[in-house]
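Source file run-v3.cif; content: mmCIF, C-alpha atoms.
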data_data
loop_
_atom_site.label_atom_id
_atom_site.label_comp_id
_atom_site.auth_asym_id
_atom_site.auth_seq_id
_atom_site.Cartn_x
_atom_site.Cartn_y
_atom_site.Cartn_z
CA MET F 674 417.58 94.77 141.31
CA GLU F 675 417.55 92.54 144.35
CA LEU F 676 414.47 90.39 144.94
CA GLY F 677 413.99 92.11 148.31
CA GLU F 678 413.80 95.54 146.66
CA ILE F 679 411.33 94.28 144.08
CA VAL F 680 409.13 92.83 146.81
CA SER F 681 409.17 96.08 148.82
CA VAL F 682 408.15 98.19 145.79
CA LEU F 683 405.41 95.71 144.94
CA LEU F 684 404.18 95.71 148.55
CA GLN F 685 403.37 99.42 148.20
CA GLY F 686 401.35 98.55 145.11
CA ALA F 687 399.61 95.77 147.01
CA MET F 688 398.53 98.32 149.64
CA VAL F 689 396.86 100.40 146.87
CA THR F 690 395.16 97.26 145.56
CA ILE F 691 393.84 96.41 149.02
CA LYS F 692 392.70 100.02 149.50
CA ILE F 693 390.67 99.89 146.27
CA VAL F 694 389.11 96.58 147.30
CA ALA F 695 388.23 98.02 150.70
CA MET F 696 386.46 101.00 149.10
CA ALA F 697 384.75 99.19 146.22
CA LEU F 698 383.44 96.34 148.37
CA PRO F 699 380.99 98.44 150.46
CA LEU F 700 379.67 100.08 147.28
CA ALA F 701 379.22 96.68 145.65
CA ALA F 702 377.40 95.36 148.74
CA LEU F 703 375.15 98.43 148.82
CA MET F 704 374.25 98.04 145.14
CA ALA F 705 373.76 94.28 145.52
CA PHE F 706 371.36 94.59 148.45
CA SER F 707 369.40 97.62 147.28
CA PHE F 708 368.94 96.51 143.67
CA GLY F 709 368.52 92.86 144.64
CA LEU F 710 365.64 93.81 146.95
CA ILE F 711 364.20 96.27 144.40
CA ARG F 712 364.19 93.53 141.79
CA LEU F 713 362.36 91.21 144.17
CA TYR F 714 359.85 93.48 145.87
CA ALA F 715 359.57 96.93 144.27
CA PRO F 716 356.72 97.98 141.93
CA ALA F 717 357.11 97.77 138.15
CA PRO F 718 359.00 100.93 137.07
CA PHE F 719 361.67 100.48 139.77
CA LYS F 720 362.00 96.82 138.87
CA GLN F 721 362.66 97.77 135.24
CA ILE F 722 365.36 100.24 136.28
CA ALA F 723 367.02 97.54 138.38
CA ILE F 724 366.95 95.10 135.46
CA VAL F 725 368.53 97.67 133.11
CA TYR F 726 371.33 98.32 135.62
CA ILE F 727 371.94 94.61 136.21
CA GLU F 728 371.91 93.56 132.55
CA PHE F 729 374.00 96.50 131.43
CA PHE F 730 376.78 95.91 133.94
CA ARG F 731 376.74 92.15 133.55
CA GLY F 732 376.57 92.27 129.76
CA THR F 733 379.51 94.58 129.12
CA SER F 734 383.04 94.16 130.31
CA ALA F 735 384.50 95.72 133.45
CA LEU F 736 387.30 97.35 131.49
CA ILE F 737 384.84 99.08 129.14
CA GLN F 738 382.84 100.32 132.12
CA LEU F 739 386.01 101.62 133.72
CA TYR F 740 387.06 103.44 130.53
CA TRP F 741 383.58 104.79 129.97
CA ILE F 742 383.40 106.26 133.46
CA TYR F 743 386.95 107.60 133.34
CA PHE F 744 387.02 109.00 129.79
CA VAL F 745 383.39 109.80 128.99
CA LEU F 746 381.91 111.29 132.15
CA PRO F 747 384.20 114.37 131.98
CA PHE F 748 382.44 115.28 128.71
CA PHE F 749 379.21 115.56 130.67
CA GLY F 750 380.90 117.95 133.07
CA ILE F 751 381.43 115.31 135.71
CA SER F 752 385.17 115.19 136.16
CA ILE F 753 386.33 112.56 138.56
CA ASP F 754 389.81 111.42 139.48
CA ALA F 755 391.11 108.01 138.47
CA MET F 756 390.71 106.56 141.96
CA THR F 757 387.02 107.50 142.21
CA ALA F 758 386.40 106.18 138.69
CA ALA F 759 388.04 102.90 139.65
CA VAL F 760 386.03 102.46 142.84
CA VAL F 761 382.74 103.43 141.16
CA ALA F 762 383.29 101.19 138.11
CA LEU F 763 384.37 98.13 140.10
CA GLY F 764 381.72 98.66 142.78
CA LEU F 765 378.91 98.92 140.20
CA ASN F 766 380.27 95.98 138.19
CA ILE F 767 380.62 93.55 141.10
CA GLY F 768 377.41 94.92 142.63
CA SER F 769 375.44 93.93 139.53
CA TYR F 770 376.52 90.32 139.94
CA GLY F 771 375.78 90.61 143.65
CA THR F 772 372.12 91.51 143.03
CA GLU F 773 371.54 88.03 141.68
CA VAL F 774 373.26 86.50 144.72
CA VAL F 775 370.94 88.43 147.05
CA ARG F 776 367.88 87.49 145.00
CA GLY F 777 368.84 83.83 144.75
CA ALA F 778 369.65 83.55 148.46
CA ILE F 779 366.33 85.07 149.54
CA GLN F 780 364.40 82.85 147.15
CA ALA F 781 366.27 79.82 148.48
CA VAL F 782 364.95 80.27 152.03
CA PRO F 783 362.41 77.45 152.59
CA LYS F 784 358.88 78.54 151.77
CA GLY F 785 357.59 77.29 155.11
CA GLN F 786 359.58 79.98 156.87
CA TYR F 787 357.77 82.68 154.90
CA GLU F 788 354.38 81.05 155.45
CA ALA F 789 355.04 80.70 159.18
CA SER F 790 355.92 84.37 159.44
CA ILE F 791 352.60 85.27 157.80
CA ALA F 792 350.79 82.88 160.13
CA LEU F 793 352.42 84.62 163.09
CA ASN F 794 351.12 87.93 161.75
CA PHE F 795 354.53 89.57 161.25
CA THR F 796 354.64 92.82 159.30
CA PRO F 797 356.27 92.65 155.82
CA SER F 798 359.41 94.38 157.09
CA GLN F 799 359.66 92.04 160.09
CA ARG F 800 359.23 89.10 157.71
CA LEU F 801 362.10 90.29 155.56
CA TRP F 802 364.58 91.44 158.20
CA ARG F 803 363.83 89.06 161.06
CA ILE F 804 362.99 85.83 159.26
CA MET F 805 364.16 85.76 155.66
CA MET F 806 367.33 87.84 155.74
CA PRO F 807 369.22 86.14 158.59
CA GLN F 808 368.80 82.79 156.84
CA ALA F 809 369.49 84.19 153.39
CA LEU F 810 372.72 85.79 154.61
CA VAL F 811 374.18 82.37 155.31
CA ASN F 812 373.34 81.27 151.76
CA MET F 813 375.00 84.41 150.42
CA ILE F 814 378.39 83.95 152.04
CA PRO F 815 379.98 81.46 149.58
CA PRO F 816 378.92 83.27 146.37
CA PHE F 817 379.79 86.66 147.89
CA GLY F 818 383.18 85.22 148.78
CA ASN F 819 383.71 84.28 145.14
CA LEU F 820 382.65 87.76 144.06
CA THR F 821 385.13 89.33 146.48
CA ILE F 822 387.90 87.33 144.86
CA GLU F 823 386.60 88.44 141.46
CA LEU F 824 386.82 92.01 142.75
CA VAL F 825 390.42 91.54 143.86
CA LYS F 826 391.29 90.22 140.41
CA ALA F 827 389.35 92.99 138.68
CA THR F 828 391.34 95.67 140.52
CA SER F 829 394.28 94.82 138.25
CA LEU F 830 392.35 96.66 135.49
CA VAL F 831 392.78 100.01 137.26
CA SER F 832 396.46 99.90 136.30
CA LEU F 833 395.27 100.73 132.77
CA ILE F 834 393.95 104.14 133.92
CA THR F 835 397.34 104.85 135.57
CA ILE F 836 396.54 104.05 139.19
CA GLY F 837 399.66 102.80 140.98
CA ASP F 838 398.26 99.47 142.09
CA LEU F 839 400.11 96.17 142.26
CA THR F 840 399.82 95.44 138.54
CA PHE F 841 400.81 99.01 137.57
CA ARG F 842 403.96 98.94 139.73
CA ALA F 843 404.86 95.55 138.33
CA LYS F 844 404.43 96.77 134.75
CA SER F 845 406.55 99.89 135.28
CA LEU F 846 409.18 97.98 137.26
CA ALA F 847 409.33 95.39 134.47
CA ASP F 848 409.72 98.13 131.85
CA THR F 849 412.69 99.67 133.66
CA THR F 850 414.53 96.65 135.05
CA LEU F 851 413.61 94.00 132.45
CA GLN F 852 413.53 91.39 135.23
CA VAL F 853 410.11 90.35 134.00
CA GLY F 854 410.15 86.77 135.26
CA GLU F 855 410.81 87.59 138.91
CA ILE F 856 408.50 90.61 138.96
CA PHE F 857 405.41 89.08 137.40
CA GLY F 858 406.04 85.86 139.32
CA VAL F 859 406.02 87.76 142.63
CA VAL F 860 402.90 89.68 141.58
CA LEU F 861 400.98 86.52 140.72
CA LEU F 862 402.01 85.12 144.10
CA PHE F 863 400.78 88.29 145.86
CA TYR F 864 397.35 88.05 144.27
CA PHE F 865 397.23 84.35 145.07
CA VAL F 866 398.04 84.99 148.73
CA ILE F 867 395.41 87.76 148.99
CA ALA F 868 392.80 85.44 147.46
CA GLN F 869 393.72 82.50 149.71
CA CYS F 870 393.50 84.72 152.81
CA LEU F 871 390.00 85.71 151.70
CA VAL F 872 389.03 82.08 151.11
CA PHE F 873 390.19 81.18 154.61
CA PHE F 874 388.29 84.08 156.15
CA ILE F 875 385.10 83.30 154.20
CA ARG F 876 385.13 79.65 155.31
CA ARG F 877 385.44 80.76 158.94
CA LEU F 878 382.59 83.23 158.53
CA GLU F 879 380.40 80.64 156.84
CA LYS F 880 380.94 78.19 159.69
CA HIS F 881 380.31 80.86 162.30
CA LEU F 882 377.07 82.19 160.76
CA GLY F 883 375.82 78.71 159.94
CA LYS F 884 375.68 77.75 163.63
CA GLY F 885 372.26 77.51 165.17
CA LEU F 886 370.41 77.34 161.87
CA GLY F 887 369.71 73.66 162.28
CA ARG F 888 371.16 72.73 158.93
CA GLY F 889 373.54 70.04 157.78
CA GLY F 890 373.17 67.75 160.79
CA ILE F 891 374.98 67.80 164.10
CA ASP F 892 378.32 69.59 164.36
CA SER F 893 381.19 67.18 164.39
CA MET Q 1210 377.22 121.37 132.74
CA ILE Q 1211 379.14 121.44 129.50
CA GLY Q 1212 376.83 120.67 126.60
CA PHE Q 1213 378.11 117.57 124.87
CA GLU Q 1214 375.80 116.17 122.30
CA TRP Q 1215 375.90 112.76 120.73
CA ASP Q 1216 377.34 113.23 117.21
CA TRP Q 1217 375.63 110.91 114.74
CA ALA Q 1218 377.92 111.82 111.81
CA PHE Q 1219 380.93 110.84 113.90
CA THR Q 1220 379.16 107.68 115.02
CA TRP Q 1221 378.62 106.50 111.44
CA GLU Q 1222 382.19 107.40 110.61
CA VAL Q 1223 383.73 105.27 113.37
CA LEU Q 1224 381.26 102.37 113.33
CA PRO Q 1225 382.90 100.49 110.39
CA MET Q 1226 386.32 100.67 112.09
CA ILE Q 1227 384.93 99.27 115.33
CA LEU Q 1228 382.98 96.57 113.50
CA SER Q 1229 386.09 95.42 111.67
CA ALA Q 1230 387.90 95.24 115.02
CA ALA Q 1231 385.01 93.12 116.28
CA LYS Q 1232 386.33 90.36 114.03
CA VAL Q 1233 389.57 90.28 116.06
CA THR Q 1234 387.57 90.17 119.30
CA LEU Q 1235 385.43 87.30 118.01
CA LEU Q 1236 388.44 85.43 116.62
CA ALA Q 1237 390.28 85.69 119.96
CA THR Q 1238 387.16 84.44 121.76
CA LEU Q 1239 386.63 81.55 119.33
CA LEU Q 1240 390.24 80.33 119.43
CA GLY Q 1241 390.40 80.97 123.18
CA SER Q 1242 387.25 78.88 123.72
CA ILE Q 1243 388.61 75.95 121.74
CA PHE Q 1244 391.88 76.06 123.67
CA ALA Q 1245 390.05 76.52 126.99
CA ILE Q 1246 387.80 73.50 126.37
CA PHE Q 1247 390.87 71.42 125.53
CA MET Q 1248 392.77 72.62 128.62
CA GLY Q 1249 389.69 72.19 130.78
CA LEU Q 1250 389.36 68.55 129.73
CA VAL Q 1251 393.07 67.95 130.33
CA PHE Q 1252 392.91 69.50 133.81
CA ALA Q 1253 389.69 67.66 134.65
CA LEU Q 1254 391.03 64.27 133.58
CA LEU Q 1255 394.36 64.82 135.36
CA ARG Q 1256 392.46 65.61 138.54
CA ARG Q 1257 390.84 62.19 138.29
CA SER Q 1258 394.24 60.53 137.93
CA LYS Q 1259 395.20 57.76 140.35
CA ASN Q 1260 398.54 59.45 140.92
CA ARG Q 1261 398.12 61.50 144.10
CA PRO Q 1262 400.98 64.03 143.68
CA LEU Q 1263 399.78 64.70 140.11
CA ARG Q 1264 396.21 65.19 141.32
CA ILE Q 1265 397.22 67.59 144.08
CA GLY Q 1266 399.67 69.41 141.81
CA VAL Q 1267 396.96 70.03 139.21
CA TYR Q 1268 394.52 71.14 141.94
CA TRP Q 1269 396.92 73.88 143.06
CA ILE Q 1270 397.74 74.92 139.49
CA VAL Q 1271 394.02 75.34 138.76
CA GLU Q 1272 393.51 77.18 142.07
CA PHE Q 1273 396.45 79.46 141.30
CA ILE Q 1274 395.24 80.31 137.80
CA ARG Q 1275 391.71 80.96 139.07
CA SER Q 1276 392.71 83.27 141.87
CA THR Q 1277 395.14 85.53 140.01
CA PRO Q 1278 394.09 88.27 137.56
CA LEU Q 1279 393.89 87.54 133.85
CA LEU Q 1280 395.61 90.84 133.09
CA VAL Q 1281 398.72 89.87 135.05
CA GLN Q 1282 398.72 86.44 133.41
CA ILE Q 1283 398.57 88.12 130.01
CA PHE Q 1284 401.53 90.35 130.95
CA PHE Q 1285 403.40 87.37 132.37
CA LEU Q 1286 403.00 85.30 129.21
CA TYR Q 1287 403.71 88.23 126.89
CA TYR Q 1288 406.90 89.39 128.62
CA VAL Q 1289 408.25 86.20 130.17
CA MET Q 1290 407.81 83.68 127.34
CA PRO Q 1291 410.33 85.48 125.09
CA GLU Q 1292 412.95 84.88 127.82
CA PHE Q 1293 412.50 81.17 127.12
CA GLY Q 1294 412.82 81.77 123.40
CA ILE Q 1295 409.07 81.67 122.68
CA SER Q 1296 407.97 84.90 121.01
CA LEU Q 1297 404.27 84.87 120.16
CA SER Q 1298 402.12 87.52 118.51
CA PRO Q 1299 399.70 89.47 120.74
CA LEU Q 1300 396.81 87.40 119.34
CA ALA Q 1301 398.54 84.07 120.02
CA THR Q 1302 399.55 85.21 123.51
CA GLY Q 1303 396.00 86.37 124.14
CA VAL Q 1304 394.49 83.08 122.98
CA PHE Q 1305 396.99 81.21 125.13
CA ALA Q 1306 396.20 83.33 128.21
CA LEU Q 1307 392.41 83.18 127.73
CA GLY Q 1308 392.57 79.43 127.11
CA LEU Q 1309 394.65 78.77 130.20
CA HIS Q 1310 392.57 81.05 132.44
CA TYR Q 1311 389.18 79.77 131.37
CA GLY Q 1312 390.50 76.22 131.03
CA ALA Q 1313 391.04 76.34 134.80
CA TYR Q 1314 387.43 77.42 135.32
CA LEU Q 1315 386.05 74.93 132.81
CA SER Q 1316 387.94 72.05 134.40
CA GLU Q 1317 385.65 72.41 137.44
CA VAL Q 1318 382.59 72.32 135.19
CA PHE Q 1319 383.84 69.23 133.37
CA ARG Q 1320 384.87 67.54 136.59
CA SER Q 1321 381.45 67.94 138.15
CA GLY Q 1322 379.84 66.85 134.86
CA ILE Q 1323 381.92 63.68 134.79
CA ASP Q 1324 381.33 63.07 138.51
CA GLY Q 1325 377.60 63.33 137.84
CA ILE Q 1326 377.58 60.16 135.75
CA GLU Q 1327 376.11 57.29 137.71
CA LYS Q 1328 378.45 54.68 139.12
CA GLY Q 1329 376.49 51.92 137.35
CA GLN Q 1330 377.54 53.33 133.98
CA TRP Q 1331 381.20 52.98 134.89
CA GLU Q 1332 380.62 49.49 136.24
CA ALA Q 1333 378.75 48.45 133.10
CA ALA Q 1334 381.57 49.79 130.94
CA ARG Q 1335 384.03 47.75 132.94
CA ALA Q 1336 381.82 44.65 132.74
CA LEU Q 1337 381.75 45.07 128.96
CA ASN Q 1338 385.55 45.21 129.04
CA LEU Q 1339 385.76 48.67 127.45
CA SER Q 1340 389.09 50.43 127.58
CA LEU Q 1341 389.37 53.64 129.60
CA ILE Q 1342 389.38 55.74 126.42
CA ASP Q 1343 386.29 53.99 125.06
CA THR Q 1344 384.56 54.37 128.42
CA TYR Q 1345 385.05 58.12 128.29
CA LYS Q 1346 384.38 58.44 124.57
CA ASP Q 1347 381.30 56.23 124.26
CA ILE Q 1348 379.75 56.11 127.73
CA VAL Q 1349 380.72 58.99 130.00
CA LEU Q 1350 381.20 62.08 127.82
CA PRO Q 1351 378.08 61.69 125.65
CA GLN Q 1352 375.96 61.70 128.80
CA ALA Q 1353 377.98 64.36 130.59
CA ILE Q 1354 378.03 66.98 127.84
CA ARG Q 1355 374.45 68.27 128.03
CA PRO Q 1356 374.52 69.26 131.70
CA MET Q 1357 377.88 70.95 131.10
CA ILE Q 1358 376.62 73.23 128.32
CA PRO Q 1359 375.01 76.07 130.33
CA ALA Q 1360 378.01 76.60 132.62
CA THR Q 1361 380.46 76.25 129.74
CA GLY Q 1362 378.45 78.80 127.78
CA ASN Q 1363 378.52 81.24 130.69
CA TYR Q 1364 382.29 81.01 130.88
CA ILE Q 1365 382.65 81.53 127.13
CA ILE Q 1366 380.54 84.69 127.39
CA ALA Q 1367 382.66 85.78 130.36
CA MET Q 1368 385.77 85.16 128.27
CA PHE Q 1369 384.35 87.24 125.45
CA LYS Q 1370 383.81 90.10 127.88
CA GLU Q 1371 387.39 89.88 129.09
CA THR Q 1372 389.01 90.08 125.65
CA PRO Q 1373 389.35 93.91 126.01
CA GLN Q 1374 392.17 93.17 128.45
CA LEU Q 1375 394.20 91.99 125.45
CA SER Q 1376 394.38 95.64 124.40
CA ALA Q 1377 397.02 95.97 127.14
CA ILE Q 1378 399.41 93.94 124.96
CA THR Q 1379 398.47 96.02 121.89
CA LEU Q 1380 396.01 93.60 120.31
CA LEU Q 1381 393.83 95.73 118.03
CA GLU Q 1382 390.44 94.50 119.23
CA MET Q 1383 387.34 96.67 119.67
CA LEU Q 1384 388.32 98.53 122.82
CA GLN Q 1385 391.84 99.28 121.62
CA ILE Q 1386 390.47 100.67 118.33
CA ALA Q 1387 387.90 102.73 120.25
CA LYS Q 1388 390.66 104.13 122.43
CA ILE Q 1389 392.79 105.05 119.43
CA ILE Q 1390 389.82 106.72 117.71
CA GLY Q 1391 389.04 108.56 120.94
CA SER Q 1392 392.53 109.89 121.44
CA GLU Q 1393 392.82 111.03 117.80
CA ASN Q 1394 389.51 112.91 117.80
CA PHE Q 1395 389.30 113.88 121.48
CA ARG Q 1396 385.88 112.27 121.53
CA TYR Q 1397 385.50 109.16 123.64
CA LEU Q 1398 381.74 109.22 124.09
CA GLU Q 1399 380.69 107.64 120.79
CA PRO Q 1400 383.45 105.01 120.33
CA PHE Q 1401 383.32 103.73 123.92
CA THR Q 1402 379.52 103.70 123.97
CA LEU Q 1403 379.42 101.83 120.66
CA VAL Q 1404 381.83 99.21 121.98
CA GLY Q 1405 379.74 98.81 125.13
CA ILE Q 1406 376.54 98.37 123.11
CA LEU Q 1407 378.20 95.88 120.76
CA TYR Q 1408 379.39 93.82 123.72
CA LEU Q 1409 375.90 93.87 125.18
CA VAL Q 1410 374.33 92.78 121.87
CA PHE Q 1411 376.89 90.01 121.29
CA SER Q 1412 376.47 88.72 124.86
CA ILE Q 1413 372.69 88.56 124.55
CA VAL Q 1414 372.89 86.83 121.14
CA ALA Q 1415 375.47 84.36 122.47
CA ALA Q 1416 373.35 83.56 125.54
CA TYR Q 1417 370.39 82.86 123.25
CA GLY Q 1418 372.57 80.72 120.96
CA ILE Q 1419 373.87 78.63 123.85
CA HIS Q 1420 370.34 78.03 125.04
CA GLN Q 1421 369.46 76.76 121.56
CA VAL Q 1422 372.51 74.48 121.48
CA GLU Q 1423 371.51 73.05 124.84
CA LYS Q 1424 368.01 72.30 123.58
CA ARG Q 1425 369.38 70.48 120.54
CA PHE Q 1426 371.36 68.01 122.65
CA PRO Q 1427 369.33 64.94 123.54
CA LYS Q 1428 368.87 64.43 127.27
CA GLU Q 1429 369.64 60.74 127.13
CA GLY Q 1430 373.10 61.05 125.64
CA PHE Q 1431 374.17 60.62 122.03
CA SER Q 1432 376.85 58.96 119.94
CA LEU Q 1433 380.21 60.67 119.54
CA LYS Q 1434 380.92 58.65 116.40
#
Translate this structure into structure tokens?
Amino acid sequence: MELGEIVSVLLQGAMVTIKIVAMALPLAALMAFSFGLIRLYAPAPFKQIAIVYIEFFRGTSALIQLYWIYFVLPFFGISIDAMTAAVVALGLNIGSYGTEVVRGAIQAVPKGQYEASIALNFTPSQRLWRIMMPQALVNMIPPFGNLTIELVKATSLVSLITIGDLTFRAKSLADTTLQVGEIFGVVLLFYFVIAQCLVFFIRRLEKHLGKGLGRGGIDS
Amino acid sequence: MIGFEWDWAFTWEVLPMILSAAKVTLLATLLGSIFAIFMGLVFALLRRSKNRPLRIGVYWIVEFIRSTPLLVQIFFLYYVMPEFGISLSPLATGVFALGLHYGAYLSEVFRSGIDGIEKGQWEAARALNLSLIDTYKDIVLPQAIRPMIPATGNYIIAMFKETPQLSAITLLEMLQIAKIIGSENFRYLEPFTLVGILYLVFSIVAAYGIHQVEKRFPKEGFSLK
């Protein structure tokens, strides 16, 4: 098989990979923010639920979670297709790590900011959304960027529940053509390029959001 | 909803099989950790080399390994190495892949640990006419190790959680055994849940163990002799 043909087959797989990332990322962000805030501010029983979710998904492996959702849920009468299982498993997994990013970033906002917002008689929701969150968001960008790259890498696991992503196409192409070196080499390069594009984008975003916060001295 | 009860008899039947597969999981993690720590040190020291092309080359190798999926690296090593005449068992391939992957992560931990040693320590070592090897062995590493332990421990736990990916190259670790049991009995609930719980328990125990190790290391450095 020509290298060009291999690349074009793998590109289709890369589109599936990107699609999964694009669907799992919003779920992960939703979980990260909701459970991160619950863990910080909610009353006791909700806090406990959040901790169970976080520790469970951080303490077991993404592949086990994926298998559990794909193979076990049908026994409870919840039958879901492979794609939904993949998005749910990866979203919940990355989201559980994200909760700690949200929590850490909010706690890292200087205490004076919080005290000033009380002094100015802001309501609790104004305090959170107008004062704390805009500053915390800037702190969150680098670790969330890392998590996004983790998500991209984790999508390779969905190939094991027969979704035709980049890794799956590579594996089946390798099985039929036996040109393993070229195929897996190209695939590694694809993932690398996707990750580097994300890194570039995240750095831009970080710079953009960081403006006007009065941190890190004068812009050069 | 289809009634599907947890079957305790089945659970007790499959538990010994999964526990014996846990040995393979733990062995892969142990060997992988040793190899990763070795590779991490090699990468970290090479990145401090005076040779610029070498330094930049190693930077991009580490960056490449860190930003590509472990699963694809496992496939790559398992299918491509035989083309160069190196045929390794699934376990050896797995250890190699885990070691390389986490070695890349650990190199950053080691690098920042080494960078954290005060300049005066290096200068004193030079003033005492110590060789580069002695400087690392007797001055730098003993002081650098304690701050490196928590992050290293986290990566070893992360590695442990990624060993199920070795099932993709037919290594008979816990998840692979659970999958085989599941497909033979058409019951996935108990085996997969057991594996999940075992991972959770091992991770928590390991996190506690690492914390204990960290406490045992003196803050002021120690002798490597």
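Using only C-alpha atoms, the chain F residues found within 7 Å of chain Q amount to F:Gly732, F:Thr733, F:Ser734, F:Leu736, F:Ile737, F:Trp741, F:Phe744, F:Val745, F:Phe748, F:Phe749, F:Gly750, F:Ile822, F:Lys826, F:Ala827, F:Ser829, F:Thr840, F:Val853, F:Gly854, F:Phe857, F:Leu861, F:Tyr864, F:Phe865, F:Ala868.
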(request) Compile the contact shell of Phe706 in chain F as an MDAnalysis selection string: residues with an atom at most 8 Å away, counting only C-alpha atoms, same-chain residues fewer than 6 positions apart removed. (result) chainID F and resid 771:772 775
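Remark: for Leu763 in chain F, the closest of the candidate residues F:Pro699, F:Pro807, F:Pro816, F:Gly785 is F:Pro699 (distances computed over all atoms listed in the file).
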(message) Taking 4 positions as the minimum chain separation for residues in the same chain, which residues sit within 10 Å of Val680 in chain F when counting only C-alpha atoms? Answer as a VMD selection string.
(response) chain F and resid 675 to 676 684 to 687 843 855 to 856 859 to 860 863
(message) Calculated over only C-alpha atoms, which of the candidates F:Thr850, F:Thr757, F:Gln780, F:Gln786 has the smallest distance to Ile693 in chain F?
(response) F:Thr757
(request) Tell me which protein, DNA and RNA residues are within 10 Å of Val1251 in chain Q, counting all atoms listed in the file, leaving out same-chain ones fewer than 6 positions away, and put them as a list of chain:residue names. (result)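 So the residues in contact are Q:Ala1245, Q:Val1267, Q:Gly1312, Q:Ala1313, Q:Ser1316, Q:Phe1319.
Residue membership of the PyMOL selection byres ((chain Q and resi 1238) around 8) in the shown file amounts to Thr1234, Leu1235, Leu1236, Ala1237, Leu1239, Leu1240, Gly1241, Ser1242, Val1304, Ile1365, Met1368, Phe1369 and Thr1372 of chain Q.
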(request) Determine the residue membership of the PyMOL selection byres ((chain F and resi 838) around 7) for the file above and supply it as a PyMOL selection string. (result) chain F and resi 686-687+689-690+832+836-837+839-842
(message) To one decimal place in Å, what is the distance between CA of Tyr1268 in chain Q and CA of Leu1255 in chain Q?
(response)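 CA of Tyr1268 in chain Q sits 9.1 Å away from CA of Leu1255 in chain Q.
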(request) Would you list the contacts of Ser752 in chain F as JSON, numbers by chain, taking every protein, DNA or RNA residue within 9 Å and counting all atoms listed in the file, but skipping same-chain residues closer than 5 positions in sequence? (result) {"F": [743, 746, 747]}
Can you write out the residues you just picked, keeping C-alpha atoms, as a PDB file, in the coordinates of the input?
ATOM      1  CA  TYR F 743     386.950 107.600 133.340  1.00  0.00           C
ATOM      2  CA  LEU F 746     381.910 111.290 132.150  1.00  0.00           C
ATOM      3  CA  PRO F 747     384.200 114.370 131.980  1.00  0.00           C
TER       4      PRO F 747
END
